[in-house]
>>> print(open('data.txt').read())   # compact mmCIF, C-alpha atoms
# COMPACT_ATOMS: atom_id res chain seq x y z
CA MET R 127 123.23 60.94 -50.14
CA LYS R 128 120.18 62.87 -49.02
CA ALA R 129 117.25 60.80 -47.78
CA ILE R 130 114.11 61.13 -45.71
CA LEU R 131 114.38 59.06 -42.54
CA MET R 132 111.37 57.87 -40.57
CA THR R 133 112.80 58.13 -37.05
CA ALA R 134 109.81 56.62 -35.21
CA ALA R 135 106.13 55.87 -35.70
CA GLY R 136 104.07 59.03 -35.46
CA ASP R 137 102.86 62.16 -37.24
CA PRO R 138 104.50 63.57 -40.39
CA ASN R 139 107.15 65.31 -38.30
CA VAL R 140 108.92 61.96 -37.79
CA LEU R 141 110.07 62.28 -41.42
CA GLN R 142 113.43 64.05 -41.32
CA LEU R 143 115.90 64.94 -44.08
CA ALA R 144 119.27 63.32 -43.36
CA ASP R 145 122.71 62.72 -44.88
CA LEU R 146 123.40 59.00 -45.22
CA GLN R 147 126.08 56.79 -46.68
CA GLU R 148 125.30 55.86 -50.28
CA PRO R 149 124.05 52.30 -50.83
CA THR R 150 126.24 49.92 -52.82
CA ILE R 151 125.49 46.90 -54.97
CA GLN R 152 125.42 43.79 -52.78
CA ALA R 153 124.54 41.07 -55.32
CA PRO R 154 125.64 40.42 -58.92
CA THR R 155 122.10 40.91 -60.29
CA GLU R 156 121.52 44.26 -58.58
CA ILE R 157 121.55 47.71 -60.13
CA LEU R 158 122.26 51.04 -58.45
CA VAL R 159 119.64 53.67 -59.35
CA ARG R 160 119.95 57.41 -58.97
CA LEU R 161 116.37 58.25 -58.12
CA LYS R 162 114.69 61.19 -59.81
CA ALA R 163 111.27 60.81 -58.20
CA ALA R 164 109.38 58.72 -55.65
CA GLY R 165 105.66 58.06 -55.48
CA ILE R 166 103.70 58.53 -52.25
CA ASN R 167 100.97 56.00 -51.43
CA PRO R 168 98.52 55.42 -48.57
CA ILE R 169 100.69 52.49 -47.38
CA ASP R 170 103.42 55.05 -46.64
CA ILE R 171 101.02 56.93 -44.37
CA LYS R 172 100.02 53.74 -42.55
CA LEU R 173 103.63 52.66 -42.01
CA ARG R 174 104.65 56.10 -40.83
CA SER R 175 101.81 56.36 -38.33
CA ARG R 176 101.72 52.73 -37.09
CA GLY R 177 105.27 51.50 -37.68
CA THR R 178 106.92 49.52 -40.46
CA PHE R 179 106.81 45.75 -40.88
CA GLN R 180 110.28 45.62 -39.25
CA PRO R 181 109.99 48.21 -36.45
CA GLU R 182 113.22 47.02 -34.87
CA ARG R 183 115.09 48.39 -37.90
CA LEU R 184 114.19 52.05 -37.37
CA PRO R 185 115.13 54.57 -38.56
CA SER R 186 113.79 53.57 -41.96
CA ILE R 187 113.33 55.01 -45.46
CA LEU R 188 109.78 54.80 -46.80
CA GLY R 189 108.52 54.79 -50.37
CA CYS R 190 107.68 51.75 -52.53
CA ASP R 191 107.54 53.54 -55.89
CA GLY R 192 110.60 54.89 -57.64
CA ALA R 193 111.91 56.09 -60.99
CA GLY R 194 115.44 57.02 -61.94
CA ILE R 195 118.61 56.35 -63.93
CA VAL R 196 120.84 53.29 -63.66
CA GLU R 197 124.19 54.45 -62.26
CA ALA R 198 125.98 51.10 -61.84
CA ILE R 199 125.25 47.42 -62.52
CA GLY R 200 126.24 44.13 -60.93
CA SER R 201 128.49 41.65 -62.75
CA GLU R 202 125.58 39.43 -63.84
CA VAL R 203 123.08 42.11 -64.89
CA THR R 204 121.80 41.56 -68.43
CA LYS R 205 118.57 43.57 -68.54
CA PHE R 206 119.99 47.07 -68.05
CA LYS R 207 123.05 49.17 -68.80
CA VAL R 208 124.36 52.32 -67.14
CA GLY R 209 122.24 55.28 -68.21
CA ASP R 210 118.99 53.36 -68.67
CA GLN R 211 115.85 54.94 -67.24
CA VAL R 212 113.81 52.62 -64.99
CA TYR R 213 110.70 52.53 -62.82
CA PHE R 214 109.62 50.01 -60.19
CA CYS R 215 107.84 49.18 -56.96
CA ASN R 216 110.37 47.88 -54.44
CA GLY R 217 111.40 48.48 -50.82
CA GLY R 218 109.99 50.92 -48.32
CA LEU R 219 108.29 48.42 -46.02
CA GLY R 220 110.97 48.33 -43.33
CA SER R 221 113.60 45.93 -44.62
CA HIS R 222 115.02 46.96 -47.99
CA GLN R 223 115.50 50.72 -48.29
CA GLY R 224 112.64 52.70 -49.76
CA ASN R 225 112.76 55.43 -52.38
CA TYR R 226 112.56 58.68 -50.44
CA ALA R 227 116.26 59.04 -51.23
CA GLU R 228 118.77 60.03 -53.89
CA LEU R 229 120.01 56.47 -54.50
CA THR R 230 118.81 52.91 -54.04
CA THR R 231 119.65 49.39 -55.14
CA ILE R 232 117.25 46.88 -56.67
CA ASP R 233 117.51 43.44 -58.24
CA GLU R 234 117.16 43.81 -61.99
CA LYS R 235 114.25 41.32 -61.99
CA PHE R 236 112.10 43.80 -60.08
CA ALA R 237 112.62 46.84 -62.34
CA THR R 238 111.64 47.65 -65.90
CA HIS R 239 112.38 50.35 -68.43
CA LYS R 240 110.55 53.62 -67.81
CA PRO R 241 107.89 54.57 -70.35
CA LYS R 242 109.53 56.99 -72.77
CA SER R 243 106.45 59.19 -72.85
CA LEU R 244 106.35 59.80 -69.09
CA SER R 245 108.36 62.19 -66.97
CA PHE R 246 110.20 60.73 -63.99
CA GLU R 247 107.52 62.18 -61.71
CA GLU R 248 104.73 60.52 -63.69
CA ALA R 249 106.61 57.22 -63.85
CA ALA R 250 107.23 57.21 -60.09
CA ALA R 251 103.52 57.78 -59.47
CA ALA R 252 102.50 54.72 -61.43
CA PRO R 253 103.86 51.32 -60.25
CA LEU R 254 101.91 50.48 -57.09
CA VAL R 255 98.56 51.69 -58.39
CA LEU R 256 99.10 50.07 -61.78
CA ILE R 257 99.89 46.66 -60.32
CA THR R 258 97.05 46.95 -57.81
CA ALA R 259 94.43 47.79 -60.43
CA TRP R 260 95.79 45.25 -62.94
CA GLU R 261 95.75 42.37 -60.44
CA ALA R 262 92.38 43.39 -58.98
CA LEU R 263 90.57 43.65 -62.31
CA TYR R 264 92.34 41.14 -64.53
CA ASP R 265 93.48 38.48 -62.04
CA ARG R 266 91.22 38.65 -58.97
CA GLY R 267 88.16 39.91 -60.87
CA THR R 268 89.00 37.90 -64.01
CA LEU R 269 87.92 40.77 -66.24
CA GLN R 270 88.17 39.35 -69.73
CA ASN R 271 88.42 41.04 -73.11
CA THR R 272 84.96 41.06 -74.69
CA LEU R 273 85.17 42.17 -78.30
CA GLN R 274 82.32 40.11 -79.74
CA SER R 275 79.47 42.56 -79.17
CA ALA R 276 78.27 45.23 -76.81
CA SER R 277 75.92 42.71 -75.22
CA THR R 278 78.89 40.76 -73.84
CA SER R 279 80.59 43.74 -72.19
CA ASN R 280 81.30 43.51 -68.48
CA ASN R 281 79.78 46.14 -66.22
CA VAL R 282 82.21 47.34 -63.56
CA LEU R 283 81.69 49.55 -60.50
CA ILE R 284 84.88 51.26 -59.32
CA HIS R 285 84.79 53.19 -56.07
CA ALA R 286 86.72 56.48 -55.80
CA GLY R 287 87.41 56.61 -59.51
CA ALA R 288 89.35 59.87 -59.30
CA GLY R 289 91.82 58.47 -56.77
CA GLY R 290 95.24 56.96 -57.34
CA VAL R 291 94.12 53.37 -57.90
CA GLY R 292 90.69 54.32 -59.20
CA HIS R 293 91.76 56.52 -62.09
CA VAL R 294 94.08 53.80 -63.38
CA ALA R 295 91.45 51.09 -62.84
CA ILE R 296 88.94 52.96 -65.03
CA GLN R 297 91.40 52.95 -67.91
CA LEU R 298 92.40 49.31 -67.48
CA ALA R 299 88.75 48.26 -67.38
CA LYS R 300 88.03 50.19 -70.57
CA LEU R 301 91.01 48.48 -72.23
CA ARG R 302 89.15 45.20 -71.62
CA ASN R 303 86.06 46.73 -73.26
CA ALA R 304 84.13 46.97 -70.00
CA LYS R 305 81.46 49.54 -69.25
CA VAL R 306 82.45 51.50 -66.15
CA CYS R 307 80.48 53.35 -63.50
CA THR R 308 82.38 54.99 -60.68
CA THR R 309 81.72 56.95 -57.50
CA VAL R 310 83.02 60.51 -57.20
CA GLY R 311 82.78 63.23 -54.59
CA SER R 312 82.42 66.31 -56.79
CA GLU R 313 81.40 67.47 -60.25
CA ALA R 314 85.03 68.28 -61.05
CA LYS R 315 85.95 64.68 -60.31
CA GLY R 316 82.98 63.58 -62.38
CA ARG R 317 84.41 65.43 -65.38
CA PHE R 318 87.85 63.96 -64.65
CA VAL R 319 86.65 60.33 -64.66
CA ARG R 320 84.48 60.82 -67.72
CA ASP R 321 87.54 62.14 -69.56
CA LEU R 322 89.26 58.87 -68.61
CA GLY R 323 86.45 56.88 -70.21
CA ALA R 324 84.00 56.25 -67.37
CA ASP R 325 80.50 55.70 -68.73
CA LEU R 326 78.72 56.88 -65.57
CA ALA R 327 79.97 59.08 -62.73
CA ILE R 328 77.88 58.63 -59.58
CA ALA R 329 77.93 61.58 -57.19
CA TYR R 330 77.69 59.43 -54.07
CA LYS R 331 77.01 62.36 -51.73
CA GLN R 332 73.77 63.12 -53.56
CA THR R 333 72.89 59.74 -55.09
CA ASN R 334 72.60 56.23 -53.64
CA PHE R 335 75.28 54.40 -55.62
CA VAL R 336 73.54 51.02 -55.26
CA ASP R 337 70.32 52.36 -56.79
CA ALA R 338 72.33 54.06 -59.54
CA ALA R 339 74.30 50.91 -60.36
CA ILE R 340 71.18 48.74 -60.38
CA ALA R 341 69.34 51.17 -62.67
CA TRP R 342 72.41 51.46 -64.94
CA THR R 343 72.46 47.66 -65.39
CA ASN R 344 68.71 47.34 -65.96
CA GLY R 345 68.09 45.80 -62.56
CA GLU R 346 70.83 43.15 -62.62
CA GLY R 347 73.79 44.72 -60.82
CA VAL R 348 77.38 45.02 -62.00
CA ASP R 349 79.51 42.02 -62.93
CA LEU R 350 82.41 43.31 -60.86
CA GLY R 351 82.59 45.70 -57.92
CA PHE R 352 86.04 47.11 -57.08
CA ASP R 353 86.41 48.71 -53.63
CA THR R 354 89.37 51.02 -53.04
CA VAL R 355 87.96 52.74 -49.93
CA GLY R 356 87.20 50.06 -47.34
CA GLY R 357 85.19 50.32 -44.14
CA LYS R 358 81.42 49.94 -44.37
CA LEU R 359 81.58 50.60 -48.11
CA ILE R 360 82.60 46.97 -48.66
CA GLU R 361 79.35 45.67 -47.19
CA GLN R 362 77.33 48.45 -48.81
CA THR R 363 78.58 47.36 -52.23
CA PHE R 364 77.24 43.78 -52.00
CA PRO R 365 73.69 44.59 -53.27
CA ALA R 366 75.13 46.52 -56.24
CA VAL R 367 76.81 43.38 -57.61
CA LYS R 368 74.83 40.92 -59.69
CA ILE R 369 74.01 37.40 -58.49
CA TYR R 370 77.10 35.21 -58.98
CA GLY R 371 79.16 38.37 -59.50
CA ASP R 372 82.58 39.40 -58.20
CA ILE R 373 83.74 41.92 -55.64
CA VAL R 374 87.39 42.79 -55.04
CA SER R 375 88.70 44.97 -52.20
CA ILE R 376 92.15 46.33 -51.46
CA LEU R 377 91.19 46.80 -47.79
CA GLU R 378 90.39 44.47 -44.91
CA PRO R 379 86.64 44.31 -44.12
CA PRO R 380 85.64 45.55 -40.65
CA ALA R 381 85.08 42.84 -38.04
CA ASP R 382 81.35 43.65 -37.88
CA THR R 383 80.81 43.22 -41.63
CA SER R 384 77.58 41.35 -42.41
CA TRP R 385 78.14 38.86 -45.22
CA LYS R 386 74.47 37.87 -45.51
CA VAL R 387 73.75 39.76 -48.75
CA ALA R 388 77.02 38.55 -50.31
CA ARG R 389 76.19 34.94 -49.43
CA THR R 390 72.60 35.21 -50.61
CA ARG R 391 73.72 36.66 -53.95
CA ASN R 392 76.49 34.02 -54.18
CA LEU R 393 79.18 36.64 -54.68
CA ARG R 394 82.82 35.73 -55.08
CA PHE R 395 84.94 37.95 -52.81
CA SER R 396 88.65 38.51 -53.44
CA PHE R 397 91.38 40.48 -51.71
CA GLU R 398 94.02 42.42 -53.60
CA LEU R 399 97.27 43.31 -51.82
CA MET R 400 99.99 43.92 -54.38
CA LEU R 401 102.61 44.08 -51.61
CA THR R 402 102.25 40.34 -50.90
CA PRO R 403 105.20 39.21 -53.08
CA MET R 404 107.51 41.75 -51.44
CA LEU R 405 106.24 41.05 -47.91
CA LEU R 406 106.55 37.27 -48.25
CA GLY R 407 109.75 37.22 -50.26
CA GLN R 408 108.15 35.69 -53.35
CA VAL R 409 110.81 36.56 -55.92
CA ASN R 410 109.06 35.03 -58.94
CA LEU R 411 105.81 36.83 -58.14
CA GLN R 412 107.58 40.16 -57.72
CA ALA R 413 109.31 39.60 -61.05
CA GLN R 414 105.89 38.94 -62.58
CA GLN R 415 104.72 42.31 -61.28
CA ALA R 416 107.65 43.93 -63.07
CA LYS R 417 106.35 42.32 -66.27
CA ILE R 418 103.01 44.02 -65.63
CA LEU R 419 104.87 47.35 -65.50
CA SER R 420 106.61 46.50 -68.76
CA GLU R 421 103.24 45.88 -70.45
CA CYS R 422 101.92 49.12 -69.00
CA ALA R 423 104.96 51.00 -70.35
CA ASP R 424 103.87 49.99 -73.84
CA LEU R 425 100.33 51.17 -73.07
CA PHE R 426 101.63 54.54 -71.88
CA ASP R 427 103.83 54.99 -74.94
CA SER R 428 101.01 54.06 -77.33
CA GLY R 429 98.68 56.60 -75.72
CA LYS R 430 96.29 54.01 -74.30
CA LEU R 431 97.04 54.77 -70.64
CA LYS R 432 97.91 57.84 -68.62
CA ILE R 433 98.75 58.70 -65.04
CA HIS R 434 97.60 61.88 -63.30
CA VAL R 435 99.97 63.64 -60.90
CA SER R 436 98.15 66.29 -58.89
CA GLU R 437 101.02 67.56 -56.71
CA VAL R 438 104.82 67.41 -56.81
CA PHE R 439 106.86 68.10 -53.67
CA GLN R 440 110.62 68.34 -53.23
CA LEU R 441 112.30 65.55 -51.25
CA ALA R 442 112.82 67.80 -48.21
CA ASP R 443 109.07 68.43 -48.08
CA ALA R 444 108.04 64.79 -47.65
CA ALA R 445 106.26 65.60 -44.38
CA LYS R 446 104.11 68.22 -46.16
CA ALA R 447 103.28 65.67 -48.85
CA HIS R 448 102.13 63.21 -46.18
CA GLU R 449 99.98 65.90 -44.58
CA LEU R 450 98.26 66.57 -47.91
CA LEU R 451 97.60 62.89 -48.62
CA GLU R 452 96.11 62.47 -45.14
CA THR R 453 93.45 65.07 -45.92
CA GLY R 454 91.91 62.52 -48.33
CA SER R 455 89.88 63.07 -51.48
CA MET R 456 92.97 63.35 -53.67
CA THR R 457 92.70 63.34 -57.45
CA GLY R 458 95.41 61.12 -58.89
CA LYS R 459 98.80 60.87 -57.18
CA ILE R 460 101.32 62.84 -55.12
CA VAL R 461 105.04 62.60 -55.96
CA LEU R 462 108.40 63.61 -54.52
CA ALA R 463 110.86 65.12 -57.01
CA ILE R 464 114.44 64.24 -56.14
>>> encode(input="data.txt", output="structure tokens")
Amino acid sequence: MKAILMTAAGDPNVLQLADLQEPTIQAPTEILVRLKAAGINPIDIKLRSRGTFQPERLPSILGCDGAGIVEAIGSEVTKFKVGDQVYFCNGGLGSHQGNYAELTTIDEKFATHKPKSLSFEEAAAAPLVLITAWEALYDRGTLQNTLQSASTSNNVLIHAGAGGVGHVAIQLAKLRNAKVCTTVGSEAKGRFVRDLGADLAIAYKQTNFVDAAIAWTNGEGVDLGFDTVGGKLIEQTFPAVKIYGDIVSILEPPADTSWKVARTRNLRFSFELMLTPMLLGQVNLQAQQAKILSECADLFDSGKLKIHVSEVFQLADAAKAHELLETGSMTGKIVLAI
């Protein structure tokens, strides 16, 4: 099969197209998937530049997100049959093979049926960002459904709302009847997030987002702040969150972060790393994430959720795709077509 091998840690040029032996089913509950597309995520960039979690196993195949067609099944598989279309987040961290390839294997517990309404490229763009936003808002941030009246709606601040995680998070928050404000870097992105349902787009380059969020909530601050950017922005978000509010970040705070404002306002801080089940070998938790994807498939097919793919590259051009993602300020997701 054709695959993109990461030969060493370094710049995008370490990603090389290679001919490899096809993977085979190793366990009775595994399926063999002919991949049609693979999503590209910031974690891929970090692993490529710094090294995978198992550097001794180089060369390695990156790519956590995949979508394709079941080509063969193990003797104990009950969830899928040959010919089924699937999508999933699995592999690509250095141990199990990733999805920058024509074929891969995966335990049936970790995959789910692809949304019928999505192309393979759209489906491959979705899993990691979907699970991240779902867990951050619904589990870490405990965003509840508030149907009683407008006065009980949660106010949510989502940073980088036009990005991969952000544009999904806006939609998931609106599905829980929240009011959403989000930071954007341009007017075009402002239009994009408003089309997704955002109530307020804050042009952070021209406007202080804390002042805007405080004014938007009549001086109280948002119930939930969701950081998808990291760095100093984590600390800068503290005063935008109401007293006894929540803040969730998908990044590690800098060592010099001052927690004084967060402590004074009695904020609850949570981390969200959707890779934890895969990294720590927590099979039941990874299976639970597949259930999230199954629920999201229904949302896609009922028109309540959508994924935005901004660029599609061919498998051989994985290095170019990495170069584009590294420029930052992407709208939606980048995908490899296989």
>>> atom_distance(input="data.txt", atom1="atom CA of R:Ala249", atom2="atom CA of R:Asp191")
8.8 Å
>>> residues_around(input="data.txt", residues="stretch 212-215 of chain R", least_positions_apart="4", cutoff="8 Å", atoms="all atoms listed in the file", output="list in words")
Cys190, Asp191, Gly192, Ala193, Gly194, Ile195, Val196, Phe236, Ala237, Thr238, His239, Lys240, Ala249, Ala250, Pro253, Leu254, Ala416 and Leu419 of chain R
>>> residues_around(input="data.txt", residues="stretch 393-408 of chain R", least_positions_apart="3", cutoff="8 Å", atoms="all atoms listed in the file", output="PyMOL selection string")
chain R and resi 216-217+219+254+257-258+261-262+266-267+364+367-378+388-390+411-412
>>> residues_around(input="data.txt", residues="R:Val461", least_positions_apart="5", cutoff="6 Å", atoms="all atoms listed in the file", output="JSON, numbers by chain")
{"R": [164, 165, 166, 438]}
>>> atom_distance(input="data.txt", atom1="atom CA of R:Thr308", atom2="atom CA of R:His293")
9.6 Å
>>> residues_around(input="data.txt", residues="R:His285", least_positions_apart="2", cutoff="9 Å", atoms="all atoms listed in the file", output="PyMOL selection string")
chain R and resi 283+287-289+292+307-310+351-355+359
>>> closest_residue(input="data.txt", among="R:Leu301, R:Asp337, R:Ile296, R:Ala442", to="R:Arg320", atoms="all atoms listed in the file")
R:Ile296
